[in-house]
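Novice: Handing you a structure now.
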Amino acid sequence: MIQPIGRVSIIIPVYNEALLIGEILRRVFLAELVDGADREVVVVDDGSTDGTVGAIQQFLSEHPGHAAAVKVHTGLVNHGKGAALRAGFRLATGDIILIQDGDLEYSPTDYPALLAPFADPQVDVVYGSRFYNGLPKDMRKLNLLANLILTYSTRVLYGQRISDEATGYKVFRRAVLGRFELACRGFEFCPEFTGKAMLAGIRIHEVPIHYNPRGILEGKKIRATDGLVAIYWLAKVKSEAVWGDAKATWKRRRTVA
Ligand SMILES: Nc1nc2c(ncn2[C@@H]2O[C@H](COP(=O)(O)OP(=O)(O)O)[C@@H](O)[C@H]2O)c(=O)[nH]1
Ligand SMILES: [Mg+2]
């Protein structure tokens with residue numbers, strides 16, 4: 001059975017992206033989706049100091065036709081990418097949530113490929129994989145290593161073979177958010193979401209995507225320490241589940257005895 005896709009909520013977390021946010025918004029609106037789908041764009045800024053909010057307003061005044069499809073959430077205090085995403089999810093009304101980073105590392109021309117699998121009602125989560133067809137060009141060695149370790153740790157801890165755990169392109173049915181709670185504030189959104197989705201028995205589908213890496217000088221905020229925090233979160237989510245199961249079994253035994 002083929003299921004039509006309704007609204008796609010594109011969530012864009014931005015922190016100090018004044019130079020790029022206008023261009024990414026332009027690309028987001030230019031991009032094709034899939035037949036029958038329409039888009040809603042939710043931009044979440046928390047405490048940017050470089051004029052990002054002004055750049056968003058400028059885009060909207062130059063493209064009044066898009067304004068009705070854009071929600072802008074701003075906060076004065078910086079809480080991190082995870083907190084921004086969770087704020088965005090609360091504002092989203094679409095059937096499908098698509099996370100779009102506010103830089104130019106990921107290309108909205110991949111939307112049709114990312115959305116097509118949802119025609120199958122069995123598919124709940126799709127990741128765009130940077131490693132599907134081998135190693136991406138120009139990724140820094142340390143980044144590459146961190147990504148490979150994270151993906152390998154996911155396989156070992158959760159038993160599901162995916163090729164790119166930390167990808168920015170994570171797309172899922174909004175209903176998935178009702179199946180587990182998220183507590184992340186920073187970059188640990190990725191391991192928390194992956195771990196909890198896998199524990200909920202959800203199979204993560206992957207499609208190949210394009211990737212154009214940027215460096216710290218170009219505004220990248222993630223650091224090597226975030227890779228360590230991500231591995232910690234993969235292990236934490238898993239161990240909390242194992243511990244929770246053990247406690248439940250112990251309680252059941254005590255009630256029976
Ligand atoms: N709202 C918000 N967005 C953030 C924060 N940190 C990073 N981002 C955004 O998250 C996206 C990914 O950040 P980036 O540094 O490129 O990390 P990477 O692509 O995961 O390596 C970009 O759009 C950033 O602007 C934050 O503290 N708050
Ligand atoms: Mg990025």
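Residue numbering restarts at 1 for every chain of the structure tokens, chains are lettered A, B, ... in their displayed order, and ligands are numbered from 1 as they appear.
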List all protein, DNA and RNA residues that have at least one atom no more than 8 Å from any atom of ligand 2, counting only C-alpha atoms and all ligand atoms, and write them as a short mmCIF file (atom, residue, chain, number, x, y, z; two decimals) with C-alpha atoms, in the first residue's frame.
Specialist:
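In the end it all went to pocket_27.cif:
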```cif
data_model
loop_
_atom_site.label_atom_id
_atom_site.label_comp_id
_atom_site.auth_asym_id
_atom_site.auth_seq_id
_atom_site.Cartn_x
_atom_site.Cartn_y
_atom_site.Cartn_z
CA ASP A 101 20.86 22.20 9.82
CA GLY A 102 21.11 25.94 9.21
CA ASP A 103 24.44 25.72 7.38
CA LEU A 104 25.16 24.44 3.88
CA GLU A 105 26.61 21.03 4.85
CA TYR A 106 23.42 19.19 3.93
CA GLY A 168 22.17 15.80 10.50
CA PRO A 213 31.62 19.53 5.23
CA ARG A 214 32.53 22.88 6.82
CA LYS A 220 31.02 24.63 12.74
CA LYS A 221 30.18 24.42 16.46
CA ILE A 222 30.50 20.73 17.19
#
```
Novice: Any idea what's packed within 10 Å of segment 109-126 of chain A, counting only C-alpha atoms, ignoring anything in its chain fewer than 4 positions away? Could you give it as a ChimeraX atom specification?
Specialist: /A:1-5,8,27-28,30-35,37,96-98,169-176,194,197,202-210
Novice: Quick one: write out the picked residues with C-alpha atoms as a PDB file, in the first residue's frame?
Specialist:
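Full text of again-v5.pdb as output:
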```pdb
ATOM      1  CA  MET A   1       0.000   0.000   0.000  1.00  0.00           C
ATOM      2  CA  ILE A   2       1.279   3.505  -0.833  1.00  0.00           C
ATOM      3  CA  GLN A   3       0.487   6.208   1.706  1.00  0.00           C
ATOM      4  CA  PRO A   4       0.495   9.880   0.640  1.00  0.00           C
ATOM      5  CA  ILE A   5       2.657  12.257   2.673  1.00  0.00           C
ATOM      6  CA  VAL A   8       6.498  18.127   6.164  1.00  0.00           C
ATOM      7  CA  ARG A  27      17.344  26.432  -0.809  1.00  0.00           C
ATOM      8  CA  VAL A  28      14.746  24.938   1.563  1.00  0.00           C
ATOM      9  CA  LEU A  30      13.412  25.878  -3.759  1.00  0.00           C
ATOM     10  CA  ALA A  31      13.701  22.179  -2.990  1.00  0.00           C
ATOM     11  CA  GLU A  32      11.226  19.679  -4.351  1.00  0.00           C
ATOM     12  CA  LEU A  33       9.414  17.471  -1.845  1.00  0.00           C
ATOM     13  CA  VAL A  34       7.332  14.498  -3.025  1.00  0.00           C
ATOM     14  CA  ASP A  35       3.931  14.551  -4.766  1.00  0.00           C
ATOM     15  CA  ALA A  37       3.366  17.096   0.265  1.00  0.00           C
ATOM     16  CA  ILE A  96       6.715  14.229   8.969  1.00  0.00           C
ATOM     17  CA  ILE A  97       9.527  16.055  10.766  1.00  0.00           C
ATOM     18  CA  LEU A  98      12.712  16.760   8.821  1.00  0.00           C
ATOM     19  CA  TYR A 169      19.436  14.531   8.161  1.00  0.00           C
ATOM     20  CA  LYS A 170      17.093  12.721  10.519  1.00  0.00           C
ATOM     21  CA  VAL A 171      13.522  12.473   9.225  1.00  0.00           C
ATOM     22  CA  PHE A 172      10.653  10.816  11.076  1.00  0.00           C
ATOM     23  CA  ARG A 173       6.906  10.658  11.536  1.00  0.00           C
ATOM     24  CA  ARG A 174       5.858  13.163  14.197  1.00  0.00           C
ATOM     25  CA  ALA A 175       4.022  10.303  15.940  1.00  0.00           C
ATOM     26  CA  VAL A 176       7.427   8.772  16.769  1.00  0.00           C
ATOM     27  CA  THR A 194      18.903   6.943  17.743  1.00  0.00           C
ATOM     28  CA  ALA A 197      14.143   4.849  18.615  1.00  0.00           C
ATOM     29  CA  ILE A 202      11.894   1.167  15.277  1.00  0.00           C
ATOM     30  CA  ARG A 203      13.917   0.216  12.211  1.00  0.00           C
ATOM     31  CA  ILE A 204      15.959   3.114  10.852  1.00  0.00           C
ATOM     32  CA  HIS A 205      15.985   3.258   7.046  1.00  0.00           C
ATOM     33  CA  GLU A 206      18.862   4.950   5.286  1.00  0.00           C
ATOM     34  CA  VAL A 207      19.224   6.700   1.939  1.00  0.00           C
ATOM     35  CA  PRO A 208      22.433   8.146   0.455  1.00  0.00           C
ATOM     36  CA  ILE A 209      22.830  11.937   0.614  1.00  0.00           C
ATOM     37  CA  HIS A 210      25.256  14.625  -0.509  1.00  0.00           C
TER      38      HIS A 210
END
```
Novice: Can you list every residue of chain A that has an atom at most 8 Å from ligand 1, with its nearest atom pair and the distance in Å to one decimal, using only C-alpha atoms and all ligand atoms, ordered by chain then number, as a Markdown table?
Specialist:
```
| residue | atom | partner | partner_atom_place_in_ligand_line | distance |
| --- | --- | --- | --- | --- |
| A:Ile12 | CA | ligand 1 | 23 (O) | 6.5 |
| A:Pro13 | CA | ligand 1 | 3 (N) | 4.1 |
| A:Val14 | CA | ligand 1 | 25 (O) | 3.6 |
| A:Tyr15 | CA | ligand 1 | 25 (O) | 4.0 |
| A:Asn16 | CA | ligand 1 | 25 (O) | 6.1 |
| A:Glu17 | CA | ligand 1 | 25 (O) | 5.6 |
| A:Val44 | CA | ligand 1 | 1 (N) | 5.2 |
| A:Asp45 | CA | ligand 1 | 1 (N) | 4.2 |
| A:Asp46 | CA | ligand 1 | 1 (N) | 4.8 |
| A:Gly47 | CA | ligand 1 | 28 (N) | 7.7 |
| A:Ser48 | CA | ligand 1 | 28 (N) | 8.0 |
| A:Asn78 | CA | ligand 1 | 27 (O) | 5.5 |
| A:His79 | CA | ligand 1 | 27 (O) | 5.5 |
| A:Gly80 | CA | ligand 1 | 27 (O) | 3.0 |
| A:Lys81 | CA | ligand 1 | 5 (C) | 3.9 |
| A:Gly82 | CA | ligand 1 | 28 (N) | 7.5 |
| A:Ala83 | CA | ligand 1 | 28 (N) | 7.3 |
| A:Ala84 | CA | ligand 1 | 1 (N) | 4.7 |
| A:Leu85 | CA | ligand 1 | 1 (N) | 7.4 |
| A:Gln100 | CA | ligand 1 | 23 (O) | 7.4 |
| A:Asp101 | CA | ligand 1 | 23 (O) | 3.9 |
| A:Gly102 | CA | ligand 1 | 23 (O) | 3.3 |
| A:Asp103 | CA | ligand 1 | 23 (O) | 5.1 |
| A:Glu105 | CA | ligand 1 | 19 (O) | 6.8 |
| A:Ala166 | CA | ligand 1 | 20 (O) | 7.5 |
| A:Thr167 | CA | ligand 1 | 20 (O) | 7.4 |
| A:Gly168 | CA | ligand 1 | 20 (O) | 6.0 |
| A:Gly186 | CA | ligand 1 | 27 (O) | 6.6 |
| A:Phe187 | CA | ligand 1 | 20 (O) | 7.1 |
| A:Pro213 | CA | ligand 1 | 19 (O) | 7.9 |
| A:Arg214 | CA | ligand 1 | 16 (O) | 7.3 |
| A:Ile216 | CA | ligand 1 | 15 (O) | 7.8 |
| A:Gly219 | CA | ligand 1 | 15 (O) | 6.5 |
| A:Lys220 | CA | ligand 1 | 15 (O) | 3.6 |
| A:Lys221 | CA | ligand 1 | 15 (O) | 3.3 |
| A:Ile222 | CA | ligand 1 | 15 (O) | 4.6 |
| A:Arg223 | CA | ligand 1 | 21 (O) | 7.8 |
```
Novice: What would the file look like if the residues just selected were written as a compact mmCIF listing (two decimals), in the first residue's frame with N, CA and C atoms?
Specialist:
```txt
# COMPACT_ATOMS: atom_id res chain seq x y z
N ILE A 12 14.70 23.97 11.56
CA ILE A 12 16.07 24.48 11.34
C ILE A 12 16.59 25.11 12.64
N PRO A 13 17.52 24.42 13.34
CA PRO A 13 18.13 25.03 14.53
C PRO A 13 19.26 25.94 14.07
N VAL A 14 19.31 27.17 14.58
CA VAL A 14 20.40 28.06 14.16
C VAL A 14 20.98 28.80 15.36
N TYR A 15 22.29 28.86 15.35
CA TYR A 15 22.98 29.64 16.37
C TYR A 15 24.16 30.32 15.67
N ASN A 16 24.11 31.65 15.62
CA ASN A 16 25.14 32.45 14.94
C ASN A 16 25.38 31.97 13.51
N GLU A 17 24.32 31.99 12.71
CA GLU A 17 24.41 31.59 11.30
C GLU A 17 23.94 32.73 10.40
N VAL A 44 14.54 27.84 14.71
CA VAL A 44 14.71 28.05 16.15
C VAL A 44 16.09 28.64 16.43
N ASP A 45 16.09 29.86 16.94
CA ASP A 45 17.34 30.53 17.31
C ASP A 45 17.32 30.73 18.83
N ASP A 46 18.43 30.45 19.48
CA ASP A 46 18.44 30.74 20.92
C ASP A 46 19.69 31.55 21.27
N GLY A 47 19.50 32.85 21.26
CA GLY A 47 20.55 33.73 21.77
C GLY A 47 21.68 34.04 20.81
N SER A 48 21.47 33.92 19.50
CA SER A 48 22.53 34.31 18.55
C SER A 48 22.91 35.76 18.77
N ASN A 78 21.17 30.95 25.22
CA ASN A 78 21.58 29.80 24.42
C ASN A 78 21.51 28.52 25.24
N HIS A 79 20.69 27.56 24.77
CA HIS A 79 20.54 26.30 25.51
C HIS A 79 21.16 25.12 24.76
N GLY A 80 21.41 25.26 23.46
CA GLY A 80 22.00 24.15 22.71
C GLY A 80 21.08 23.63 21.62
N LYS A 81 21.69 22.85 20.70
CA LYS A 81 20.94 22.37 19.53
C LYS A 81 19.78 21.45 19.93
N GLY A 82 20.02 20.58 20.92
CA GLY A 82 18.97 19.63 21.32
C GLY A 82 17.76 20.35 21.88
N ALA A 83 18.01 21.34 22.74
CA ALA A 83 16.91 22.11 23.33
C ALA A 83 16.16 22.86 22.22
N ALA A 84 16.91 23.39 21.24
CA ALA A 84 16.28 24.11 20.12
C ALA A 84 15.41 23.17 19.30
N LEU A 85 15.91 21.97 19.05
CA LEU A 85 15.11 21.01 18.27
C LEU A 85 13.83 20.65 19.00
N GLN A 100 16.76 20.06 9.44
CA GLN A 100 17.64 20.70 8.46
C GLN A 100 18.61 21.61 9.20
N ASP A 101 19.90 21.30 9.20
CA ASP A 101 20.86 22.20 9.82
C ASP A 101 20.87 23.53 9.06
N GLY A 102 21.16 24.60 9.80
CA GLY A 102 21.11 25.94 9.21
C GLY A 102 22.41 26.36 8.55
N ASP A 103 23.24 25.38 8.14
CA ASP A 103 24.44 25.72 7.38
C ASP A 103 24.27 25.07 6.01
N GLU A 105 25.97 22.35 4.90
CA GLU A 105 26.61 21.03 4.85
C GLU A 105 25.69 19.98 4.21
N ALA A 166 25.37 9.76 13.24
CA ALA A 166 25.38 11.18 13.62
C ALA A 166 24.94 12.11 12.51
N THR A 167 24.35 11.58 11.45
CA THR A 167 23.94 12.45 10.35
C THR A 167 22.99 13.55 10.82
N GLY A 168 23.09 14.72 10.18
CA GLY A 168 22.17 15.80 10.50
C GLY A 168 20.80 15.56 9.89
N GLY A 186 22.01 19.59 24.12
CA GLY A 186 23.03 19.96 23.13
C GLY A 186 23.08 18.99 21.96
N PHE A 187 24.31 18.67 21.52
CA PHE A 187 24.48 17.80 20.37
C PHE A 187 24.13 16.33 20.68
N PRO A 213 31.20 19.19 3.86
CA PRO A 213 31.62 19.53 5.23
C PRO A 213 32.18 20.95 5.36
N ARG A 214 31.90 21.58 6.52
CA ARG A 214 32.53 22.88 6.82
C ARG A 214 33.43 22.71 8.03
N ILE A 216 35.66 24.59 11.51
CA ILE A 216 35.38 25.48 12.63
C ILE A 216 35.44 26.95 12.18
N GLY A 219 32.35 28.21 10.88
CA GLY A 219 31.22 28.32 11.79
C GLY A 219 30.76 27.03 12.43
N LYS A 220 31.45 25.90 12.15
CA LYS A 220 31.02 24.63 12.74
C LYS A 220 31.18 24.72 14.26
N LYS A 221 30.14 24.26 14.99
CA LYS A 221 30.18 24.42 16.46
C LYS A 221 30.49 23.12 17.18
N ILE A 222 30.28 22.00 16.52
CA ILE A 222 30.50 20.73 17.19
C ILE A 222 32.00 20.52 17.39
N ARG A 223 32.38 19.93 18.54
CA ARG A 223 33.80 19.76 18.89
C ARG A 223 34.08 18.29 19.20
```
Novice: Report, in Å with one decimal, the straight-line distance from atom CA of Glu218 of chain A to atom CA of Val70 of chain A.
Specialist: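 If I compute the distance from atom CA of Glu218 of chain A to atom CA of Val70 of chain A, I get 25.9 Å.
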Novice: With only C-alpha atoms as the basis for distance, which of A:Met198, A:Leu135, A:Leu142, A:Ala18 is at the shortest distance from Gly159 of chain A?
Specialist: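 Result for the nearest residue to Gly159 of chain A: A:Met198.
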Novice: Looking at A:Leu145, A:Met139, A:Leu25, A:Leu60, which one is nearest to Asn212 of chain A, with distances taken over only C-alpha atoms?
Specialist: A:Met139
Novice: With only C-alpha atoms as the counted atoms, please give the residues lying no more than 12 Å from Tyr232 of chain A, apart from itself and same-chain residues fewer than 2 positions off, as a ChimeraX atom specification.
Specialist: /A:149-150,153-154,157,187-188,190-192,195,225-230,234-240
Novice: If you measure from atom CA of Gly75 of chain A to atom CA of Gly6 of chain A, what distance in Å do you get, rounded to one decimal?
Specialist: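 Atom CA of Gly6 of chain A lies 29.3 Å from atom CA of Gly75 of chain A.
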Novice: In segment 8-213 of chain A, what's alpha helix (DSSP H) per DSSP? Answer as a PyMOL selection string?
Specialist: chain A and resi 21-30+52-62+64-67+81-91+111-115+141-158+189-199
Novice: How many Å lie between atom CA of Asp95 of chain A and atom CA of Leu177 of chain A, rounded to one decimal?
Specialist: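 Atom-to-atom, atom CA of Asp95 of chain A to atom CA of Leu177 of chain A, that is 11.2 Å.
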Novice: Which of these, A:Val77, A:Val156, A:Ile11, A:Leu217, has the shortest distance to Val42 of chain A once you count only C-alpha atoms?
Specialist: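 With only C-alpha atoms as the atom set, the closest residue is A:Ile11.
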